[in-house]
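Peer 1: Following this line is final-v5.txt, made up of compact mmCIF, C-alpha atoms:
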```
# COMPACT_ATOMS: atom_id res chain seq x y z
CA ALA C 1 0.00 0.00 0.00
CA VAL C 2 1.43 3.34 -1.09
CA ARG C 3 -0.07 6.80 -0.98
CA ALA C 4 0.70 9.79 -3.21
CA GLY C 5 4.40 10.36 -3.76
CA GLY C 6 5.34 6.75 -3.03
CA VAL C 7 5.12 7.16 0.76
CA PRO C 8 3.61 4.25 2.73
CA PRO C 9 0.53 4.90 4.84
CA LEU C 10 1.07 6.00 8.43
CA VAL C 11 -0.92 3.69 10.72
CA ASP C 12 -1.71 4.39 14.35
CA ALA C 13 -2.39 0.87 15.61
CA HIS C 14 -3.88 1.75 19.00
CA VAL C 15 -6.54 4.40 19.69
CA HIS C 16 -9.82 4.63 21.61
CA VAL C 17 -13.00 6.55 20.80
CA PHE C 18 -15.98 7.35 23.01
CA THR C 19 -18.61 10.00 23.66
CA ALA C 20 -19.47 11.77 26.92
CA ASP C 21 -22.80 9.96 27.30
CA LEU C 22 -21.44 6.40 27.12
CA PRO C 23 -21.89 4.74 30.54
CA LEU C 24 -18.85 3.35 32.35
CA THR C 25 -18.60 -0.17 33.67
CA GLY C 26 -18.67 -0.69 37.41
CA ARG C 27 -15.08 -1.95 37.15
CA ALA C 28 -13.78 1.24 35.49
CA TRP C 29 -10.42 2.16 37.00
CA THR C 30 -10.65 5.81 35.92
CA LYS C 31 -13.11 8.23 34.33
CA PRO C 32 -12.30 10.05 31.09
CA GLU C 33 -12.18 13.81 31.57
CA THR C 34 -13.52 14.61 28.10
CA ALA C 35 -15.08 12.81 25.16
CA PHE C 36 -13.00 11.70 22.18
CA GLY C 37 -15.36 11.06 19.31
CA VAL C 38 -14.46 9.58 15.97
CA GLU C 39 -14.54 12.92 14.13
CA GLU C 40 -12.08 14.38 16.65
CA LEU C 41 -9.84 11.36 16.07
CA ILE C 42 -10.01 11.82 12.30
CA ALA C 43 -9.21 15.54 12.64
CA GLN C 44 -6.16 14.81 14.77
CA MET C 45 -5.04 12.06 12.41
CA ASP C 46 -5.30 14.46 9.47
CA ALA C 47 -3.31 17.13 11.29
CA ALA C 48 -0.55 14.63 12.10
CA GLY C 49 -0.45 12.98 8.68
CA VAL C 50 -1.88 9.69 9.93
CA THR C 51 -3.80 7.85 7.23
CA HIS C 52 -5.26 4.90 9.15
CA ALA C 53 -5.97 3.87 12.73
CA VAL C 54 -7.05 0.81 14.70
CA ILE C 55 -9.60 1.31 17.48
CA SER C 56 -8.93 -0.87 20.49
CA ALA C 57 -11.87 -2.05 22.60
CA MET C 58 -12.09 0.14 25.70
CA SER C 59 -12.57 -1.69 28.99
CA LEU C 60 -13.92 1.37 30.83
CA LEU C 61 -17.20 1.32 28.93
CA ALA C 62 -20.27 -0.68 29.90
CA ASP C 63 -20.91 -1.10 26.16
CA PRO C 64 -17.47 -1.08 24.52
CA ASN C 65 -18.63 -2.04 21.04
CA THR C 66 -21.62 -0.02 19.78
CA TYR C 67 -19.91 3.34 19.28
CA THR C 68 -16.86 1.64 17.80
CA LEU C 69 -19.07 0.05 15.16
CA GLU C 70 -20.58 3.45 14.40
CA ALA C 71 -17.05 4.80 13.94
CA LEU C 72 -16.20 2.00 11.51
CA ALA C 73 -19.34 2.73 9.53
CA ALA C 74 -18.45 6.42 9.31
CA HIS C 75 -14.88 5.82 8.08
CA PRO C 76 -14.68 2.31 6.63
CA ASP C 77 -11.54 2.96 4.58
CA ARG C 78 -9.49 4.50 7.41
CA LEU C 79 -10.48 2.59 10.53
CA ARG C 80 -10.42 -0.98 11.83
CA ALA C 81 -11.22 -2.22 15.32
CA THR C 82 -11.02 -4.93 17.92
CA LEU C 83 -14.09 -5.60 20.05
CA ASP C 84 -14.92 -7.05 23.46
CA LEU C 85 -16.61 -10.35 22.53
CA ASP C 86 -17.05 -13.83 23.95
CA GLY C 87 -17.62 -17.30 22.56
CA ARG C 88 -21.40 -17.03 22.78
CA VAL C 89 -21.67 -14.61 19.83
CA PRO C 90 -23.30 -16.44 16.88
CA ARG C 91 -21.01 -17.21 13.97
CA ALA C 92 -23.22 -15.27 11.54
CA GLU C 93 -22.81 -12.16 13.68
CA LEU C 94 -19.04 -12.60 13.79
CA GLU C 95 -19.00 -12.86 10.01
CA ARG C 96 -21.01 -9.64 9.80
CA LEU C 97 -18.59 -7.90 12.14
CA ARG C 98 -15.69 -9.02 9.99
CA ARG C 99 -17.31 -7.49 6.92
CA VAL C 100 -17.68 -4.09 8.60
CA GLY C 101 -14.05 -3.85 9.69
CA VAL C 102 -13.62 -5.78 12.93
CA VAL C 103 -10.23 -7.53 12.94
CA GLY C 104 -9.98 -9.14 16.35
CA VAL C 105 -11.04 -9.52 19.96
CA ARG C 106 -9.41 -7.54 22.74
CA TRP C 107 -8.77 -9.01 26.15
CA GLN C 108 -8.17 -6.08 28.49
CA LEU C 109 -6.95 -8.04 31.49
CA ARG C 110 -5.06 -5.53 33.58
CA ARG C 111 -6.52 -5.63 37.10
CA ALA C 112 -8.74 -8.58 36.10
CA PRO C 113 -9.11 -10.97 39.05
CA VAL C 114 -9.12 -14.05 36.79
CA LEU C 115 -7.56 -14.65 33.38
CA PRO C 116 -9.40 -16.46 30.56
CA ASP C 117 -8.89 -20.23 30.60
CA PRO C 118 -8.35 -21.70 27.10
CA ALA C 119 -9.87 -24.94 28.41
CA ASP C 120 -13.18 -23.22 29.16
CA PRO C 121 -15.77 -24.15 26.47
CA ASP C 122 -16.75 -20.53 25.76
CA VAL C 123 -13.12 -19.44 25.50
CA ARG C 124 -12.28 -22.42 23.31
CA ALA C 125 -15.19 -21.61 21.02
CA LEU C 126 -14.07 -18.00 20.77
CA LEU C 127 -10.48 -18.96 19.92
CA ARG C 128 -11.69 -21.34 17.20
CA ALA C 129 -13.87 -18.62 15.71
CA VAL C 130 -11.05 -16.06 15.88
CA ALA C 131 -8.72 -18.43 14.03
CA ASP C 132 -11.34 -19.30 11.42
CA LEU C 133 -12.08 -15.64 10.75
CA GLY C 134 -8.42 -14.72 10.33
CA TRP C 135 -8.67 -12.45 13.39
CA HIS C 136 -6.35 -12.15 16.37
CA ILE C 137 -6.59 -11.91 20.14
CA GLU C 138 -5.28 -8.58 21.40
CA ILE C 139 -4.09 -8.74 25.00
CA ASN C 140 -3.21 -6.14 27.59
CA VAL C 141 -2.05 -7.74 30.82
CA GLU C 142 0.60 -7.24 33.48
CA GLN C 143 3.92 -8.80 32.52
CA ASP C 144 3.98 -11.00 35.62
CA ARG C 145 0.83 -12.74 34.34
CA LEU C 146 1.82 -12.85 30.69
CA ALA C 147 3.73 -16.15 30.51
CA GLY C 148 0.84 -18.52 31.22
CA LEU C 149 -1.60 -16.56 29.10
CA LEU C 150 0.75 -16.53 26.11
CA ALA C 151 1.46 -20.24 26.48
CA GLY C 152 -2.24 -21.08 26.28
CA LEU C 153 -2.88 -18.78 23.35
CA CYS C 154 0.13 -19.98 21.39
CA ALA C 155 -0.91 -23.60 21.99
CA SER C 156 -4.36 -22.80 20.58
CA GLY C 157 -2.84 -21.69 17.27
CA VAL C 158 -4.53 -18.28 17.31
CA GLU C 159 -2.68 -15.12 16.31
CA VAL C 160 -1.88 -12.73 19.16
CA VAL C 161 -1.15 -9.00 19.35
CA VAL C 162 0.35 -7.89 22.66
CA ASP C 163 -0.31 -4.29 23.70
CA HIS C 164 2.04 -1.71 25.17
CA PHE C 165 5.48 -3.26 24.56
CA GLY C 166 4.37 -6.34 26.53
CA ASP C 167 4.50 -4.29 29.73
CA PRO C 168 8.28 -4.52 30.31
CA ASP C 169 9.35 -4.35 33.93
CA ARG C 170 10.38 -0.82 34.83
CA THR C 171 13.66 -2.06 36.34
CA HIS C 172 14.45 -5.37 34.64
CA GLY C 173 12.86 -4.87 31.24
CA TYR C 174 12.35 -8.27 29.60
CA ALA C 175 14.63 -10.12 32.06
CA THR C 176 11.60 -11.58 33.86
CA GLU C 177 9.51 -14.70 33.39
CA GLY C 178 6.84 -12.80 31.47
CA GLY C 179 9.37 -10.85 29.45
CA GLN C 180 11.24 -13.96 28.41
CA ALA C 181 7.95 -15.66 27.53
CA LEU C 182 7.13 -12.78 25.20
CA LEU C 183 10.51 -12.93 23.51
CA ARG C 184 10.15 -16.70 23.00
CA ALA C 185 6.62 -16.28 21.67
CA LEU C 186 7.92 -13.99 18.95
CA ASP C 187 9.71 -17.03 17.51
CA THR C 188 6.36 -18.66 16.72
CA GLY C 189 5.60 -16.12 14.01
CA ARG C 190 2.04 -15.77 15.32
CA VAL C 191 2.73 -13.10 17.94
CA ARG C 192 3.02 -9.38 17.29
CA VAL C 193 3.70 -6.50 19.66
CA LYS C 194 2.42 -2.95 19.70
CA LEU C 195 4.91 -0.23 20.60
CA SER C 196 2.01 1.67 22.10
CA ALA C 197 1.21 3.88 25.09
CA ALA C 198 4.80 5.05 25.43
CA HIS C 199 3.51 7.99 27.47
CA ARG C 200 2.48 5.59 30.27
CA PHE C 201 5.98 4.33 31.02
CA ARG C 202 7.81 6.35 33.63
CA VAL C 203 11.23 5.50 32.27
CA PRO C 204 13.75 7.57 30.27
CA PRO C 205 13.06 7.71 26.51
CA ALA C 206 16.31 5.85 25.87
CA VAL C 207 15.02 2.86 27.86
CA LEU C 208 11.85 2.62 25.79
CA ALA C 209 13.89 3.00 22.60
CA ALA C 210 16.10 0.12 23.75
CA HIS C 211 13.01 -2.03 24.35
CA ALA C 212 11.76 -1.17 20.87
CA ALA C 213 15.15 -2.00 19.34
CA ARG C 214 15.24 -5.39 21.08
CA LEU C 215 11.75 -6.29 19.89
CA LEU C 216 12.63 -5.10 16.41
CA ARG C 217 15.68 -7.36 16.29
CA LEU C 218 13.57 -10.37 17.25
CA ALA C 219 10.32 -9.68 15.42
CA GLY C 220 11.40 -7.53 12.50
CA PRO C 221 9.28 -4.63 11.27
CA GLU C 222 6.66 -7.06 9.96
CA ARG C 223 5.47 -8.00 13.46
CA LEU C 224 5.72 -4.71 15.33
CA PHE C 225 3.13 -1.94 15.24
CA LEU C 226 3.23 1.67 16.45
CA GLY C 227 0.31 3.10 18.42
CA THR C 228 -0.42 6.27 20.37
CA ASP C 229 -3.11 5.09 22.85
CA ALA C 230 -5.02 8.32 22.14
CA PRO C 231 -6.71 10.06 23.89
CA PHE C 232 -4.41 9.11 26.78
CA VAL C 233 -7.06 8.41 29.40
CA GLY C 234 -5.84 8.19 32.97
CA THR C 235 -2.25 9.15 32.20
CA ALA C 236 -0.18 10.99 34.78
CA GLN C 237 1.92 12.57 32.04
CA PRO C 238 -0.12 14.93 29.85
CA THR C 239 0.64 14.64 26.16
CA THR C 240 -0.87 15.36 22.75
CA TYR C 241 -1.62 13.34 19.66
CA ALA C 242 1.02 15.18 17.64
CA ALA C 243 3.63 14.57 20.36
CA GLU C 244 2.91 10.85 20.44
CA ILE C 245 3.11 10.55 16.65
CA ALA C 246 6.44 12.39 16.80
CA ARG C 247 7.56 9.91 19.47
CA PHE C 248 7.44 7.15 16.85
CA ALA C 249 10.73 8.55 15.52
CA GLU C 250 12.28 8.29 19.00
CA LEU C 251 11.26 4.66 19.30
CA VAL C 252 12.27 3.68 15.76
CA PRO C 253 14.81 6.28 14.54
CA ASP C 254 15.35 4.78 11.07
CA ALA C 255 12.71 6.29 8.76
CA ALA C 256 12.85 3.33 6.39
CA VAL C 257 12.19 0.91 9.24
CA ARG C 258 9.30 3.06 10.48
CA ALA C 259 7.85 2.98 6.99
CA ALA C 260 8.18 -0.81 6.95
CA VAL C 261 6.42 -1.05 10.34
CA SER C 262 3.53 1.08 9.10
CA ALA C 263 3.31 -0.84 5.84
CA ALA C 264 3.11 -4.08 7.81
CA ALA C 265 0.35 -2.65 9.99
CA HIS C 266 -1.58 -1.58 6.91
CA ALA C 267 -1.21 -5.05 5.39
CA TYR C 268 -2.26 -6.79 8.61
CA TYR C 269 -5.25 -4.66 9.46
CA PHE C 270 -6.46 -3.21 6.17
CA GLU C 271 -5.52 -5.43 3.24
CA GLU C 272 -7.30 -8.65 4.18
CA ASP C 273 -10.23 -9.65 1.98
CA ARG C 274 -13.24 -9.16 4.25
CA GLY C 275 -15.71 -10.78 1.84
```
Kindly present the structure from the file in structure tokens form.
Peer 2:
Amino acid sequence: AVRAGGVPPLVDAHVHVFTADLPLTGRAWTKPETAFGVEELIAQMDAAGVTHAVISAMSLLADPNTYTLEALAAHPDRLRATLDLDGRVPRAELERLRRVGVVGVRWQLRRAPVLPDPADPDVRALLRAVADLGWHIEINVEQDRLAGLLAGLCASGVEVVVDHFGDPDRTHGYATEGGQALLRALDTGRVRVKLSAAHRFRVPPAVLAAHAARLLRLAGPERLFLGTDAPFVGTAQPTTYAAEIARFAELVPDAAVRAAVSAAAHAYYFEEDRG
């Protein structure tokens, strides 16, 4: 995929959208200060030169899917999304969701008291459906709980996208059980990692850049994505969309490699035949 002038698309692989009137779940860990609707997202993308974005299911919302589907309908060529779904959704509905731009299921598991069990019939049914549809499971979980979860998902044969650098330990990086499990999982070829939410890590920029470089050496640009985490809900470090897009160059300094990362994201999320 190439846009005018031979420049690859610029893909933001991790954003959220919501309106002020969407109710929060009783488990919400924070409350958004302002709305961030899809037209505001598109405006900020345009200002920053971002051509495409992937909406990630938002765990704060009591209904995390309806507005996301409205956003996909409004901008079908520029947006894709993961949803919060379970194995009880009828196959015909999953097929419909695939046709309108849904590309996976997000498991937002940070602070979750119990992790999904791949042996559970509903979970097993969901993983089979995800694999059949050519989707992926997107996971956000603390690194100290990542190893077992990744083992089960990799054994199921489903494709996995791990959010937020895989939550590297702030002191030891990937030199932990979960960190090593992530690095091993990259060898399967079915696991990808988002270099997303860099603003949430209270570490020097050079540390995050070193994490990105290590993942890049292991996964290559084909299995890494860049994402802002806009609109930065609950962050202790205020930032802007433009600043987080600019941060991509700090994480991946080589412009050609950044272009390859974005091209891979475009191919993964936007170039599949949705039927």
Peer 1: Taking into account only C-alpha atoms, which residue in the set C:Val123, C:Val50, C:Leu79, C:Ala92 is nearest to Val38 in chain C?
Peer 2: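 Among the listed residues, the smallest separation from Val38 in chain C belongs to C:Leu79.
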Peer 1: Please provide the set of residues having any atom within 7 Å of Ala35 in chain C, restricted to all atoms listed in the file, with same-chain residues fewer than 3 positions apart removed, written as a ChimeraX atom specification.
Peer 2: /C:18-20
Peer 1: If we count all atoms listed in the file, what is near Leu208 in chain C at a cut-off of 10 Å, once residues fewer than 2 positions away on the same chain are taken out, given as an mmCIF file with C-alpha atoms, in the frame of the given file?
Peer 2:
```cif
data_model
loop_
_atom_site.group_PDB
_atom_site.id
_atom_site.type_symbol
_atom_site.label_atom_id
_atom_site.label_comp_id
_atom_site.auth_asym_id
_atom_site.auth_seq_id
_atom_site.Cartn_x
_atom_site.Cartn_y
_atom_site.Cartn_z
ATOM 1 C CA PHE C 165 5.480 -3.260 24.560
ATOM 2 C CA PRO C 168 8.280 -4.520 30.310
ATOM 3 C CA ARG C 170 10.380 -0.820 34.830
ATOM 4 C CA GLY C 173 12.860 -4.870 31.240
ATOM 5 C CA LEU C 195 4.910 -0.230 20.600
ATOM 6 C CA ALA C 198 4.800 5.050 25.430
ATOM 7 C CA PHE C 201 5.980 4.330 31.020
ATOM 8 C CA ARG C 202 7.810 6.350 33.630
ATOM 9 C CA VAL C 203 11.230 5.500 32.270
ATOM 10 C CA PRO C 204 13.750 7.570 30.270
ATOM 11 C CA PRO C 205 13.060 7.710 26.510
ATOM 12 C CA ALA C 206 16.310 5.850 25.870
ATOM 13 C CA ALA C 210 16.100 0.120 23.750
ATOM 14 C CA HIS C 211 13.010 -2.030 24.350
ATOM 15 C CA ALA C 212 11.760 -1.170 20.870
ATOM 16 C CA ALA C 213 15.150 -2.000 19.340
ATOM 17 C CA ARG C 214 15.240 -5.390 21.080
ATOM 18 C CA GLU C 250 12.280 8.290 19.000
ATOM 19 C CA LEU C 251 11.260 4.660 19.300
#
```
Peer 1: So the first atom is CA of Val257 in chain C and the second is CA of Leu226 in chain C; what is the distance between them in Å, to one decimal place?
Peer 2: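 Distance between the two atoms: 11.5 Å.
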Peer 1: Suppose you want the space between CA of Phe248 in chain C and CA of Leu153 in chain C; what is it in Å?
Peer 2: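 Between these atoms lies a distance of 28.7 Å.
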Peer 1: Using all atoms listed in the file, pick whichever of C:Ala243, C:Ala175, C:Ala13, C:Leu146 has the shortest atom-to-atom distance to Ser56 in chain C.
Peer 2: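 Using all atoms listed in the file, Ser56 in chain C sits closest to C:Ala13.
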